[in-house]
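Notes follow once the structure below has been shown.
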Amino acid sequence: MRTAILGLGFTCFAALAGCGDTMGEQALLGAGAGAGTSVLLDGNVAGGALVGAAANVAYCQKYSGRCN
């Protein structure tokens with residue numbers, strides 16, 4: 001179980017690191033990662049999508065050089 005959780009965490013962070021070229025793409029990629037994580041963890045999918053979108057946009061805007 002612990003290995004599955006660590007693998008899931010790594011996958012989620014890798015998905016969030018995949019920025020898009022526009023703010024819309026960044027939000028969409030983050031929302032997908034957040035929603036997918038919420039599904040796997042039996043959480044609130046809409047909330048996960050919202051948090052994922054916001055986090056990915058914030059990260060990509062602050063560290064744009066790391067995303068491209």
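In the structure tokens, each chain is lettered A, B, ... as it comes, each chain's residues begin at 1, and ligands are numbered from 1 in order of appearance.
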
I'd like the contact shell of stretch 23-39 of chain A - 7 Å cut-off, only C-alpha atoms, skipping same-chain residues fewer than 4 positions apart - returned as a PDB file with C-alpha atoms, in the first residue's frame.
```pdb
ATOM      1  CA  CYS A  12       0.766  13.540  -9.466  1.00  0.00           C
ATOM      2  CA  ALA A  15       1.660  15.601 -14.045  1.00  0.00           C
ATOM      3  CA  LEU A  16       1.680  18.982 -12.345  1.00  0.00           C
ATOM      4  CA  CYS A  19       2.892  22.944 -17.921  1.00  0.00           C
ATOM      5  CA  GLY A  43     -11.884  12.500  -2.496  1.00  0.00           C
ATOM      6  CA  ASN A  44     -13.980  15.315  -3.897  1.00  0.00           C
ATOM      7  CA  VAL A  45     -13.266  15.323  -7.636  1.00  0.00           C
ATOM      8  CA  ALA A  46     -14.449  18.897  -8.255  1.00  0.00           C
ATOM      9  CA  GLY A  48      -9.341  18.237  -6.518  1.00  0.00           C
ATOM     10  CA  ALA A  49      -9.713  19.666 -10.010  1.00  0.00           C
ATOM     11  CA  LEU A  50      -9.983  23.187  -8.651  1.00  0.00           C
ATOM     12  CA  VAL A  51      -6.960  22.836  -6.398  1.00  0.00           C
ATOM     13  CA  GLY A  52      -4.935  21.136  -9.143  1.00  0.00           C
ATOM     14  CA  ALA A  53      -5.749  23.859 -11.667  1.00  0.00           C
ATOM     15  CA  ALA A  54      -4.875  26.652  -9.260  1.00  0.00           C
ATOM     16  CA  ALA A  55      -1.663  24.976  -8.136  1.00  0.00           C
ATOM     17  CA  ASN A  56      -0.434  24.277 -11.659  1.00  0.00           C
ATOM     18  CA  VAL A  57      -1.186  27.788 -12.901  1.00  0.00           C
TER      19      VAL A  57
END
```

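If you measure from each of A:Arg66, A:Cys60, A:Leu40, A:Gly47 to A:Gly20 using only C-alpha atoms, the closest one turns out to be A:Cys60.
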